[in-house]
file entry-v2.txt (compact mmCIF, C-alpha atoms)
# COMPACT_ATOMS: atom_id res chain seq x y z
CA MET R 1064 0.00 0.00 0.00
CA PRO R 1065 2.03 2.98 -1.26
CA GLY R 1066 2.43 5.70 1.33
CA GLU R 1067 1.53 3.55 4.32
CA PRO R 1068 4.04 2.48 6.99
CA ILE R 1069 5.53 -0.95 6.38
CA THR R 1070 3.90 -2.16 9.61
CA SER R 1071 0.45 -1.66 8.04
CA ASN R 1072 1.29 -3.63 4.90
CA LEU R 1073 1.93 -7.09 6.29
CA GLU R 1074 -1.37 -8.07 7.95
CA MET R 1075 0.01 -7.56 11.47
CA ASP R 1076 2.70 -10.19 10.83
CA HIS R 1077 5.38 -9.28 13.39
CA ALA R 1078 7.90 -11.72 11.93
CA ALA R 1079 7.52 -10.22 8.46
CA VAL R 1080 8.01 -6.69 9.79
CA LYS R 1081 11.10 -7.76 11.72
CA GLY R 1082 12.44 -9.55 8.63
CA TYR R 1083 11.96 -6.41 6.53
CA TYR R 1084 13.95 -4.25 8.94
CA ARG R 1085 16.68 -6.89 9.27
CA PHE R 1086 17.01 -6.87 5.49
CA ILE R 1087 17.07 -3.06 5.22
CA GLU R 1088 19.51 -2.58 8.12
CA HIS R 1089 22.21 -5.06 7.05
CA PRO R 1090 25.75 -3.71 7.55
CA ASP R 1091 27.57 -2.17 4.61
CA THR R 1092 29.93 -5.13 4.57
CA THR R 1093 27.18 -7.44 3.31
CA ALA R 1094 25.96 -7.98 -0.23
CA VAL R 1095 22.69 -6.12 0.44
CA THR R 1096 23.29 -3.07 -1.75
CA PRO R 1097 20.90 -0.91 -3.81
CA GLU R 1098 22.47 -2.37 -6.98
CA ARG R 1099 21.72 -5.94 -5.93
CA ILE R 1100 18.26 -5.09 -4.67
CA LEU R 1101 17.47 -3.56 -8.06
CA ALA R 1102 19.21 -6.32 -10.06
CA PRO R 1103 16.18 -8.62 -10.72
CA HIS R 1104 14.02 -5.68 -11.79
CA ARG R 1105 16.86 -4.33 -13.95
CA GLN R 1106 17.24 -7.71 -15.64
CA ARG R 1107 13.54 -7.76 -16.55
CA THR R 1108 13.81 -4.14 -17.73
CA VAL R 1109 16.65 -5.09 -20.09
CA GLU R 1110 14.48 -7.95 -21.42
CA ARG R 1111 11.71 -5.43 -22.17
CA ILE R 1112 14.26 -3.11 -23.84
CA ARG R 1113 15.30 -5.90 -26.23
CA GLY R 1114 11.79 -5.93 -27.69
CA GLN R 1115 11.85 -2.21 -28.61
CA LYS R 1116 13.14 -0.30 -31.63
CA THR R 1117 13.90 2.89 -29.69
CA VAL R 1118 14.44 3.26 -25.94
CA LEU R 1119 14.94 6.55 -24.11
CA CYS R 1120 17.15 6.26 -21.03
CA VAL R 1121 16.11 9.33 -19.04
CA ILE R 1122 18.70 10.31 -16.43
CA ASP R 1123 17.73 12.74 -13.70
CA ASP R 1124 18.13 13.34 -9.99
CA THR R 1125 15.87 14.32 -7.12
CA LYS R 1126 16.59 15.48 -3.60
CA ILE R 1127 14.81 13.77 -0.70
CA PRO R 1128 15.17 15.89 2.47
CA TYR R 1129 14.72 14.47 5.96
CA ARG R 1130 14.15 17.63 7.95
CA THR R 1131 12.65 15.93 11.01
CA ARG R 1132 15.72 13.72 11.51
CA PRO R 1133 18.72 15.57 10.08
CA THR R 1134 21.22 13.82 12.39
CA ARG R 1135 20.95 10.42 10.72
CA ASP R 1136 24.29 8.93 9.74
CA GLY R 1137 25.63 9.63 6.26
CA LEU R 1138 23.07 12.18 5.05
CA GLU R 1139 24.32 14.80 2.58
CA VAL R 1140 23.37 18.46 2.20
CA VAL R 1141 20.56 18.60 -0.38
CA SER R 1142 19.60 22.29 -0.14
CA ARG R 1143 20.48 25.63 1.43
CA ASN R 1144 18.26 28.65 1.96
CA GLN R 1145 19.11 32.35 2.06
CA THR R 1146 19.95 32.22 5.77
CA THR R 1147 22.59 29.52 5.07
CA SER R 1148 20.43 26.95 6.86
CA GLN R 1149 21.05 23.49 5.41
CA ALA R 1150 18.63 20.65 4.74
CA ARG R 1151 20.13 17.18 4.88
CA GLY R 1152 18.84 14.12 3.08
CA VAL R 1153 19.47 11.76 0.19
CA GLN R 1154 20.06 12.64 -3.46
CA LEU R 1155 18.82 9.96 -5.84
CA HIS R 1156 20.26 9.69 -9.36
CA ALA R 1157 17.92 7.47 -11.34
CA THR R 1158 17.75 6.16 -14.90
CA LEU R 1159 14.27 5.37 -16.21
CA ALA R 1160 13.89 3.42 -19.46
CA VAL R 1161 10.95 4.60 -21.61
CA ASN R 1162 9.88 3.39 -25.05
CA ASP R 1163 9.16 5.84 -27.87
CA GLN R 1164 5.43 5.72 -27.06
CA GLY R 1165 6.06 6.91 -23.52
CA LEU R 1166 5.53 3.66 -21.63
CA PRO R 1167 8.07 3.30 -18.79
CA LEU R 1168 9.87 -0.03 -19.22
CA GLY R 1169 11.58 0.00 -15.83
CA VAL R 1170 14.26 1.48 -13.60
CA LEU R 1171 17.78 0.78 -14.86
CA ARG R 1172 19.70 2.42 -12.05
CA CYS R 1173 19.40 4.07 -8.64
CA GLY R 1174 22.63 5.84 -7.75
CA TYR R 1175 23.56 7.48 -4.44
CA LEU R 1176 26.49 9.12 -2.74
CA PRO R 1177 28.52 6.44 -0.90
CA SER R 1178 27.40 6.34 2.75
CA ASP R 1179 30.97 6.50 4.05
CA PRO R 1180 33.08 7.96 1.22
CA SER R 1181 36.80 7.54 1.83
CA SER R 1182 37.59 10.24 -0.71
CA GLU R 1183 35.84 13.11 -2.47
CA PHE R 1184 32.98 12.01 -4.72
CA PRO R 1185 32.26 14.91 -7.14
CA ASP R 1186 28.72 15.44 -8.30
CA ARG R 1187 29.83 15.10 -11.95
CA GLN R 1188 30.94 11.56 -11.16
CA ARG R 1189 27.34 10.54 -10.50
CA TRP R 1190 26.28 11.63 -13.99
CA GLU R 1191 29.28 9.94 -15.61
CA ASP R 1192 28.49 6.70 -13.77
CA ALA R 1193 24.87 6.90 -14.96
CA VAL R 1194 25.90 7.42 -18.59
CA ASP R 1195 28.47 4.60 -18.38
CA ASP R 1196 25.75 2.33 -16.99
CA VAL R 1197 23.54 2.99 -20.04
CA VAL R 1198 26.50 2.24 -22.31
CA ASP R 1199 27.06 -1.07 -20.49
CA CYS R 1200 23.37 -1.87 -20.87
CA ALA R 1201 23.51 -1.12 -24.61
CA LYS R 1202 26.20 -3.76 -25.04
CA THR R 1203 23.73 -6.43 -23.87
CA VAL R 1204 21.04 -5.62 -26.46
CA ARG R 1205 21.08 -5.94 -30.23
CA ARG R 1206 22.30 -3.02 -32.33
CA SER R 1207 18.90 -2.67 -33.99
CA THR R 1208 17.59 -1.29 -30.68
CA ARG R 1209 18.47 2.41 -30.63
CA MET R 1210 19.23 3.61 -27.09
CA VAL R 1211 19.15 7.34 -26.40
CA VAL R 1212 20.40 9.04 -23.24
CA VAL R 1213 18.02 11.94 -22.46
CA MET R 1214 19.04 14.67 -20.01
CA ASP R 1215 17.84 18.14 -19.01
CA ARG R 1216 19.75 21.41 -19.31
CA GLU R 1217 21.55 20.97 -15.96
CA GLU R 1218 23.43 18.08 -17.58
CA ASP R 1219 24.51 20.04 -20.65
CA SER R 1220 28.12 18.89 -20.54
CA ALA R 1221 30.47 18.23 -23.45
CA SER R 1222 32.15 15.44 -21.49
CA LEU R 1223 28.84 13.61 -20.94
CA MET R 1224 27.86 13.94 -24.60
CA GLU R 1225 31.31 12.76 -25.68
CA ARG R 1226 30.94 9.74 -23.38
CA CYS R 1227 27.83 8.68 -25.31
CA LEU R 1228 29.27 9.33 -28.77
CA ARG R 1229 32.52 7.55 -28.00
CA SER R 1230 30.64 4.35 -27.19
CA GLN R 1231 29.11 4.19 -30.72
CA ARG R 1232 26.21 2.30 -29.14
CA VAL R 1233 24.28 5.13 -27.50
CA ASP R 1234 22.81 8.38 -28.87
CA VAL R 1235 22.32 11.48 -26.77
CA LEU R 1236 19.60 14.14 -26.47
CA VAL R 1237 20.10 17.05 -24.07
CA ARG R 1238 18.56 20.47 -23.67
CA ALA R 1239 21.28 23.09 -24.14
CA LYS R 1240 22.10 25.44 -21.29
CA HIS R 1241 25.30 27.02 -22.63
CA ASP R 1242 25.37 29.42 -25.60
CA ARG R 1243 28.50 27.88 -27.12
CA VAL R 1244 30.84 29.65 -29.54
CA LEU R 1245 30.97 27.62 -32.78
CA PRO R 1246 34.04 27.17 -35.00
CA ASN R 1247 32.77 29.86 -37.41
CA GLY R 1248 32.74 32.40 -34.55
CA LYS R 1249 28.95 32.55 -34.25
CA LYS R 1250 27.11 31.72 -31.06
CA LEU R 1251 24.81 28.71 -31.00
CA PHE R 1252 21.58 30.41 -29.90
CA GLY R 1253 22.01 33.38 -32.24
CA LEU R 1254 22.68 31.08 -35.20
CA LEU R 1255 19.48 29.14 -34.58
CA ARG R 1256 17.31 32.22 -34.09
CA GLY R 1257 18.52 33.53 -37.44
CA LEU R 1258 17.40 30.44 -39.35
CA LYS R 1259 14.19 30.33 -41.34
CA SER R 1260 11.37 28.46 -39.64
CA SER R 1261 11.00 24.87 -40.86
CA GLY R 1262 7.46 24.45 -39.57
CA GLU R 1263 5.36 24.42 -36.43
CA VAL R 1264 4.93 21.97 -33.56
CA LYS R 1265 2.50 21.95 -30.62
CA ILE R 1266 3.66 20.91 -27.17
CA PRO R 1267 1.55 20.53 -24.01
CA ILE R 1268 2.29 23.06 -21.26
CA GLN R 1269 1.21 22.61 -17.66
CA ARG R 1270 -0.36 25.47 -15.75
CA LEU R 1271 2.21 27.48 -13.77
CA SER R 1272 1.33 29.65 -10.79
CA ARG R 1273 2.83 33.09 -10.28
CA ARG R 1274 5.94 32.77 -8.11
CA VAL R 1275 7.18 35.55 -5.82
CA LYS R 1276 10.17 35.23 -3.46
CA SER R 1277 11.50 37.98 -1.19
CA GLY R 1278 9.40 40.53 -3.04
CA ARG R 1279 10.88 39.55 -6.41
CA VAL R 1280 8.73 37.98 -9.15
CA LEU R 1281 10.41 34.78 -10.31
CA HIS R 1282 7.69 33.76 -12.76
CA GLU R 1283 4.54 35.55 -13.90
CA GLY R 1284 2.69 32.26 -14.33
CA ARG R 1285 0.63 31.06 -17.27
CA GLU R 1286 -2.38 28.96 -18.16
CA GLY R 1287 -1.96 25.37 -19.23
CA GLY R 1288 -2.68 24.02 -22.72
CA ASP R 1289 -0.95 23.45 -26.04
CA ALA R 1290 1.73 25.95 -27.06
CA CYS R 1291 2.38 26.55 -30.77
CA MET R 1292 6.11 26.64 -31.48
CA ASP R 1293 8.30 27.51 -34.48
CA ILE R 1294 10.84 24.79 -35.18
CA ARG R 1295 14.32 25.14 -36.73
CA TYR R 1296 17.27 22.79 -36.97
CA CYS R 1297 20.80 22.58 -38.33
CA ALA R 1298 24.02 20.58 -37.93
CA VAL R 1299 26.63 22.08 -35.58
CA ASP R 1300 30.22 21.19 -34.81
CA LEU R 1301 30.88 20.86 -31.08
CA PRO R 1302 34.05 19.79 -29.24
CA CYS R 1303 32.45 16.38 -28.61
CA GLY R 1304 31.68 15.89 -32.33
CA GLN R 1305 29.05 16.80 -34.90
CA MET R 1306 25.55 17.16 -33.47
CA THR R 1307 22.20 18.51 -34.62
CA ALA R 1308 20.64 21.47 -32.85
CA VAL R 1309 16.83 21.65 -32.80
CA HIS R 1310 15.37 25.02 -31.79
CA ILE R 1311 11.74 25.68 -30.85
CA ARG R 1312 10.24 29.00 -29.76
CA GLU R 1313 6.68 29.96 -28.87
CA ILE R 1314 5.03 31.96 -31.64
CA HIS R 1315 2.09 33.96 -30.27
CA ARG R 1316 3.68 35.17 -27.05
CA SER R 1317 6.14 38.02 -26.59
CA SER R 1318 6.67 38.07 -22.82
CA GLY R 1319 7.75 34.82 -21.21
CA ALA R 1320 7.76 32.87 -24.49
CA LEU R 1321 9.07 29.34 -24.20
CA GLU R 1322 12.33 28.66 -26.04
CA TRP R 1323 14.33 25.42 -26.08
CA VAL R 1324 17.51 24.35 -27.84
CA LEU R 1325 17.98 20.59 -28.02
CA LEU R 1326 21.30 18.99 -28.95
CA THR R 1327 21.24 15.45 -30.29
CA SER R 1328 23.27 12.86 -32.15
CA LEU R 1329 20.09 11.39 -33.64
CA PRO R 1330 19.73 11.77 -37.42
CA VAL R 1331 17.70 14.90 -38.26
CA ASN R 1332 17.33 15.46 -42.00
CA THR R 1333 13.65 16.42 -42.21
CA VAL R 1334 11.23 18.52 -40.18
CA GLU R 1335 9.40 15.33 -39.15
CA GLU R 1336 12.60 13.95 -37.65
CA ALA R 1337 13.13 17.29 -35.85
CA LYS R 1338 9.60 17.06 -34.41
CA LYS R 1339 10.34 13.49 -33.29
CA VAL R 1340 13.35 14.80 -31.32
CA VAL R 1341 11.05 17.27 -29.54
CA GLU R 1342 8.60 14.45 -28.76
CA TYR R 1343 11.42 12.36 -27.31
CA TYR R 1344 12.50 15.23 -25.07
CA LEU R 1345 8.94 15.71 -23.82
CA LEU R 1346 8.98 12.10 -22.62
CA ARG R 1347 11.68 13.17 -20.16
CA TRP R 1348 8.80 14.21 -17.89
CA ARG R 1349 8.09 10.54 -17.23
CA VAL R 1350 10.94 10.51 -14.71
CA GLU R 1351 9.65 13.73 -13.09
CA ASP R 1352 6.22 12.09 -12.69
CA THR R 1353 7.86 8.98 -11.22
CA PHE R 1354 9.71 11.13 -8.66
CA ARG R 1355 6.40 12.77 -7.74
CA VAL R 1356 4.85 9.36 -7.11
CA LEU R 1357 7.93 8.39 -5.10
CA LYS R 1358 7.56 11.41 -2.81
CA SER R 1359 3.82 12.11 -2.66
CA GLY R 1360 2.47 8.61 -3.26
CA CYS R 1361 5.09 6.42 -1.57
CA LYS R 1362 5.97 9.17 0.95
CA VAL R 1363 9.68 8.36 1.07
CA GLU R 1364 10.36 11.66 2.85
CA GLU R 1365 8.62 10.18 5.90
CA LEU R 1366 10.80 7.07 6.16
CA ARG R 1367 12.32 6.64 9.63
CA MET R 1368 15.45 4.62 8.90
CA ARG R 1369 18.49 5.40 11.05
CA SER R 1370 21.15 5.94 8.39
CA ALA R 1371 21.70 6.94 4.76
CA ARG R 1372 22.61 3.39 3.72
CA THR R 1373 19.27 2.02 4.99
CA LEU R 1374 17.43 4.87 3.26
CA HIS R 1375 19.23 4.04 0.00
CA ARG R 1376 17.91 0.48 0.14
CA ALA R 1377 14.36 1.49 1.04
CA VAL R 1378 14.19 4.25 -1.60
CA THR R 1379 15.39 1.76 -4.25
CA ILE R 1380 12.49 -0.58 -3.39
CA TYR R 1381 9.99 2.29 -3.48
CA MET R 1382 11.37 3.50 -6.80
CA VAL R 1383 10.24 0.22 -8.39
CA THR R 1384 6.83 0.65 -6.72
CA ALA R 1385 6.57 4.17 -8.17
CA TRP R 1386 7.46 2.81 -11.63
CA ARG R 1387 4.72 0.19 -11.33
CA LEU R 1388 2.11 2.83 -10.44
CA MET R 1389 3.24 4.99 -13.38
CA LEU R 1390 3.00 2.01 -15.72
CA LEU R 1391 -0.46 1.08 -14.44
CA THR R 1392 -1.69 4.63 -15.11
CA LEU R 1393 -0.34 4.74 -18.66
CA LEU R 1394 -1.30 1.21 -19.72
CA GLY R 1395 -4.98 2.12 -19.51
CA ARG R 1396 -4.40 4.92 -22.04
CA GLU R 1397 -1.76 3.46 -24.35
CA VAL R 1398 -2.57 -0.28 -24.32
CA PRO R 1399 -6.28 -0.39 -23.42
CA ASN R 1400 -6.79 -3.99 -24.61
CA ALA R 1401 -3.84 -5.47 -22.72
CA SER R 1402 -4.45 -8.47 -20.45
CA VAL R 1403 -5.43 -7.51 -16.92
CA GLU R 1404 -3.39 -10.42 -15.53
CA MET R 1405 -0.27 -8.31 -16.30
CA MET R 1406 -0.94 -6.01 -13.34
CA PHE R 1407 -3.72 -7.43 -11.16
CA THR R 1408 -4.15 -10.54 -9.02
CA LYS R 1409 -7.31 -12.68 -9.05
CA THR R 1410 -8.37 -11.23 -5.70
CA GLN R 1411 -8.01 -7.66 -6.96
CA LEU R 1412 -9.97 -8.49 -10.12
CA ARG R 1413 -12.73 -10.04 -8.02
CA ILE R 1414 -13.05 -6.79 -6.06
CA LEU R 1415 -13.05 -4.69 -9.25
CA SER R 1416 -15.67 -6.97 -10.79
CA ASN R 1417 -17.94 -6.51 -7.77
CA LEU R 1418 -17.42 -2.75 -7.96
CA ALA R 1419 -18.34 -2.76 -11.66
CA ALA R 1420 -21.53 -4.75 -10.99
CA GLU R 1421 -22.51 -2.45 -8.11
CA HIS R 1422 -22.22 0.73 -10.18
CA ASP R 1423 -23.11 -0.61 -13.64
CA PHE R 1424 -19.63 -0.24 -15.15
CA PRO R 1425 -18.07 -2.56 -17.75
CA GLU R 1426 -16.42 -5.73 -16.45
CA PRO R 1427 -12.66 -5.40 -15.86
CA ASP R 1428 -11.80 -7.80 -18.68
CA HIS R 1429 -9.23 -5.51 -20.32
CA MET R 1430 -6.69 -2.99 -19.04
CA ALA R 1431 -8.66 0.22 -19.76
CA SER R 1432 -11.76 -0.91 -17.84
CA ALA R 1433 -9.70 -2.19 -14.87
CA VAL R 1434 -7.64 1.01 -14.67
CA LEU R 1435 -10.82 3.11 -14.77
CA LEU R 1436 -12.25 1.18 -11.81
CA VAL R 1437 -9.04 1.69 -9.81
CA ALA R 1438 -9.19 5.42 -10.63
CA LEU R 1439 -12.82 5.56 -9.44
CA LEU R 1440 -11.70 4.04 -6.14
CA GLY R 1441 -9.20 6.91 -5.92
CA GLY R 1442 -11.84 9.60 -6.46
CA TYR R 1443 -11.75 10.04 -10.24
CA GLN R 1444 -14.86 11.73 -11.65
CA GLN R 1445 -15.93 10.55 -15.08
CA GLY R 1446 -17.08 12.98 -17.75
CA LYS R 1447 -16.86 13.59 -21.49
CA LYS R 1448 -14.46 16.50 -21.12
CA ARG R 1449 -12.49 15.05 -18.25
CA PRO R 1450 -8.85 14.10 -18.92
CA PRO R 1451 -7.85 10.45 -18.41
CA PRO R 1452 -7.02 9.39 -14.83
CA GLY R 1453 -3.76 10.80 -13.51
CA VAL R 1454 -1.22 9.04 -11.37
CA GLU R 1455 -2.41 10.70 -8.12
CA VAL R 1456 -5.90 9.21 -8.24
CA MET R 1457 -4.34 5.93 -9.36
CA TRP R 1458 -2.10 5.60 -6.30
CA ARG R 1459 -5.04 6.47 -4.00
CA GLY R 1460 -7.22 3.91 -5.77
CA TYR R 1461 -4.56 1.22 -5.77
CA ARG R 1462 -4.00 1.69 -2.04
CA ARG R 1463 -7.73 1.20 -1.39
CA LEU R 1464 -7.76 -1.82 -3.69
CA GLU R 1465 -4.94 -3.37 -1.64
CA VAL R 1466 -6.89 -2.77 1.58
CA GLY R 1467 -9.87 -4.58 0.02
CA ALA R 1468 -7.67 -7.46 -1.14
CA MET R 1469 -6.22 -7.83 2.36
CA CYS R 1470 -9.72 -7.94 3.88
CA VAL R 1471 -10.82 -10.62 1.39
CA SER R 1472 -7.73 -12.66 2.20
CA LEU R 1473 -8.37 -12.44 5.95
CA ASP R 1474 -12.03 -13.34 5.45
CA LEU R 1475 -11.16 -16.46 3.44
CA LYS R 1476 -8.64 -17.55 6.04
CA HIS R 1477 -11.18 -17.06 8.81
CA ARG R 1478 -13.77 -19.12 6.92
CA GLY R 1479 -11.24 -21.86 6.28
CA GLY R 1480 -11.13 -21.38 2.52
CA ALA R 1481 -7.99 -21.46 0.43
CA PRO R 1482 -6.29 -18.05 0.70
CA PRO R 1483 -5.89 -16.25 -2.62
CA GLU R 1484 -2.48 -15.81 -4.14
CA SER R 1485 -0.37 -12.93 -2.84
CA SER R 1486 0.32 -9.87 -4.98
call {"tool": "encode", "arguments": {"input": "entry-v2.txt", "output": "structure tokens"}}
result
Amino acid sequence: MPGEPITSNLEMDHAAVKGYYRFIEHPDTTAVTPERILAPHRQRTVERIRGQKTVLCVIDDTKIPYRTRPTRDGLEVVSRNQTTSQARGVQLHATLAVNDQGLPLGVLRCGYLPSDPSSEFPDRQRWEDAVDDVVDCAKTVRRSTRMVVVMDREEDSASLMERCLRSQRVDVLVRAKHDRVLPNGKKLFGLLRGLKSSGEVKIPIQRLSRRVKSGRVLHEGREGGDACMDIRYCAVDLPCGQMTAVHIREIHRSSGALEWVLLTSLPVNTVEEAKKVVEYYLLRWRVEDTFRVLKSGCKVEELRMRSARTLHRAVTIYMVTAWRLMLLTLLGREVPNASVEMMFTKTQLRILSNLAAEHDFPEPDHMASAVLLVALLGGYQQGKKRPPPGVEVMWRGYRRLEVGAMCVSLDLKHRGGAPPESS
């Protein structure tokens, strides 16, 4: 049950709770590491990657503060405010594999700062390790599967891009932060703005509230919806090698217009291929959504482990749970006719079937109908103009579904019937 304490998940089984904490609190000298905890899930993720033509390996990080218990062993500084007060916690560097349709295939890596570093561990090293991990993964799949490292503007680094290109197995797509000087003396951003528009592309924009800090307006805010963008592209020579720059800028907006420059090693010879690069970059938000589920749905900021190393292990487990909730949400939209046995147990389907009969909804005999019923349990309101269920109502609904499944299991045990299979 995502977001609930582990003691509420195991049907009051004291031995199971004690076993969980023994597992999480193993000494560092044992083989219980985040890498080995993730290994079975990673192996299945690689198997799913092998069945795809294009896979986006989205690398990003998130900071998980533990303000109520800042004295735990091994925590690092994750933020500072204007009064120099520090927040301590855990910084997670994760790699999420996503196919070109946006379905998350799994978590390839969860990286952390060593709990007891014997030497300095620079932040850049974390990104290099993540890129190297994708390169190692690419060596285990066939060459016909194109793997693309996708990163945001904070990771606009020539060394990281060169690391991908040097492997000859991995492409790279990154949003540019630096206005580089090109060999012809021109600057990158100015060159792109001077090009003739190659067409238009629409991208979805979330609503942003007006942000004010210390009397200074950081962002005026804007309404959500589709933004119409001009698109331009050209080949550029960078120190890491030849890349293609794709530039998009909002058309009908003068103040606060969106403008992105994307650098990629993917082939871009037509405007359709340039638009595909933009679509790939937009899928980077899958990892942001997964982090939101990790924090708000799984509530990892409320974990009470005693040290950073135990938090690393617990967060790794919850990261896979967050991926599963993201996948469940998207399967109902993208693969509506998929088999429900992929994600639900017989006990869960029995509960959903009873719910459907009670409220005159379709039977949960395919993924879209089952996901809708879970969303209704989470408070989703149906309507013609309503968007499809989001991940927040899905994690609420799934938690209530798990409570129902636990009650059914206890009832069958009490009656002497065969207990249903575990989830």
call {"tool": "closest_residue", "arguments": {"input": "entry-v2.txt", "among": "R:Lys1265, R:Arg1462, R:Lys1447, R:Lys1409", "to": "Cys1361 in chain R", "atoms": "all atoms listed in the file"}}
result
R:Arg1462
call {"tool": "closest_residue", "arguments": {"input": "entry-v2.txt", "among": "R:Lys1448, R:Leu1159, R:Arg1099, R:Leu1251", "to": "Val1383 in chain R", "atoms": "all atoms listed in the file"}}
result
R:Leu1159
call {"tool": "closest_residue", "arguments": {"input": "entry-v2.txt", "among": "R:Met1064, R:Leu1412, R:Ile1268, R:Ala1377", "to": "Pro1097 in chain R", "atoms": "only C-alpha atoms"}}
result
R:Ala1377
call {"tool": "axis_aligned_box", "arguments": {"input": "entry-v2.txt", "around": "range 1259-1263 of chain R", "padding_each_side": "4 Å", "output": "JSON"}}
result
{"center_x": 9.8, "center_y": 27.4, "center_z": -38.9, "size_x": 16.8, "size_y": 13.9, "size_z": 12.9}
call {"tool": "closest_atom_pairs", "arguments": {"input": "entry-v2.txt", "of": "range 1225-1268 of chain R", "to": "range 1202-1205 of chain R", "cutoff": "12 Å", "atoms": "all atoms listed in the file", "output": "Markdown table"}}
result
| residue | atom | partner | partner_atom | distance |
| --- | --- | --- | --- | --- |
| R:Ser1230 | CA | R:Lys1202 | CA | 9.5 |
| R:Gln1231 | CA | R:Lys1202 | CA | 10.2 |
| R:Arg1232 | CA | R:Lys1202 | CA | 7.3 |
| R:Val1233 | CA | R:Lys1202 | CA | 9.4 |
call {"tool": "residues_near_point", "arguments": {"input": "entry-v2.txt", "point": "(2.7, 3.1, -19.8)", "cutoff": "8 Å", "atoms": "all atoms listed in the file", "output": "ChimeraX atom specification"}}
result
/R:1165-1168,1389-1398
call {"tool": "atom_distance", "arguments": {"input": "entry-v2.txt", "atom1": "CA of Gly1082 in chain R", "atom2": "CA of Val1466 in chain R"}}
result
21.7 Å
call {"tool": "residues_around", "arguments": {"input": "entry-v2.txt", "residues": "Asp1219 in chain R", "least_positions_apart": "6", "cutoff": "9 Å", "atoms": "all atoms listed in the file", "output": "ChimeraX atom specification"}}
result
/R:1237-1241,1326
call {"tool": "closest_atom_pairs", "arguments": {"input": "entry-v2.txt", "of": "range 1197-1279 of chain R", "to": "range 1333-1353 of chain R", "cutoff": "12 Å", "atoms": "all atoms listed in the file", "output": "Markdown table"}}
result
| residue | atom | partner | partner_atom | distance |
| --- | --- | --- | --- | --- |
| R:Met1210 | CA | R:Tyr1343 | CA | 11.7 |
| R:Val1211 | CA | R:Tyr1343 | CA | 9.3 |
| R:Val1212 | CA | R:Arg1347 | CA | 10.1 |
| R:Val1213 | CA | R:Arg1347 | CA | 6.9 |
| R:Met1214 | CA | R:Arg1347 | CA | 7.5 |
| R:Asp1215 | CA | R:Arg1347 | CA | 8.0 |
| R:Arg1216 | CA | R:Tyr1344 | CA | 11.1 |
| R:Asp1234 | CA | R:Val1340 | CA | 11.7 |
| R:Val1235 | CA | R:Val1340 | CA | 10.6 |
| R:Leu1236 | CA | R:Tyr1344 | CA | 7.3 |
| R:Val1237 | CA | R:Tyr1344 | CA | 7.9 |
| R:Arg1238 | CA | R:Tyr1344 | CA | 8.1 |
| R:Ala1239 | CA | R:Tyr1344 | CA | 11.8 |
| R:Ser1260 | CA | R:Val1334 | CA | 10.0 |
| R:Ser1261 | CA | R:Val1334 | CA | 6.4 |
| R:Gly1262 | CA | R:Val1334 | CA | 7.1 |
| R:Glu1263 | CA | R:Lys1338 | CA | 8.7 |
| R:Val1264 | CA | R:Lys1338 | CA | 6.8 |
| R:Lys1265 | CA | R:Lys1338 | CA | 9.4 |
| R:Ile1266 | CA | R:Leu1345 | CA | 8.1 |
| R:Pro1267 | CA | R:Leu1345 | CA | 8.8 |
| R:Ile1268 | CA | R:Leu1345 | CA | 10.2 |
| R:Gln1269 | CA | R:Trp1348 | CA | 11.3 |
call {"tool": "atom_distance", "arguments": {"input": "entry-v2.txt", "atom1": "CA of Glu1465 in chain R", "atom2": "CA of Arg1376 in chain R"}}
result
23.2 Å
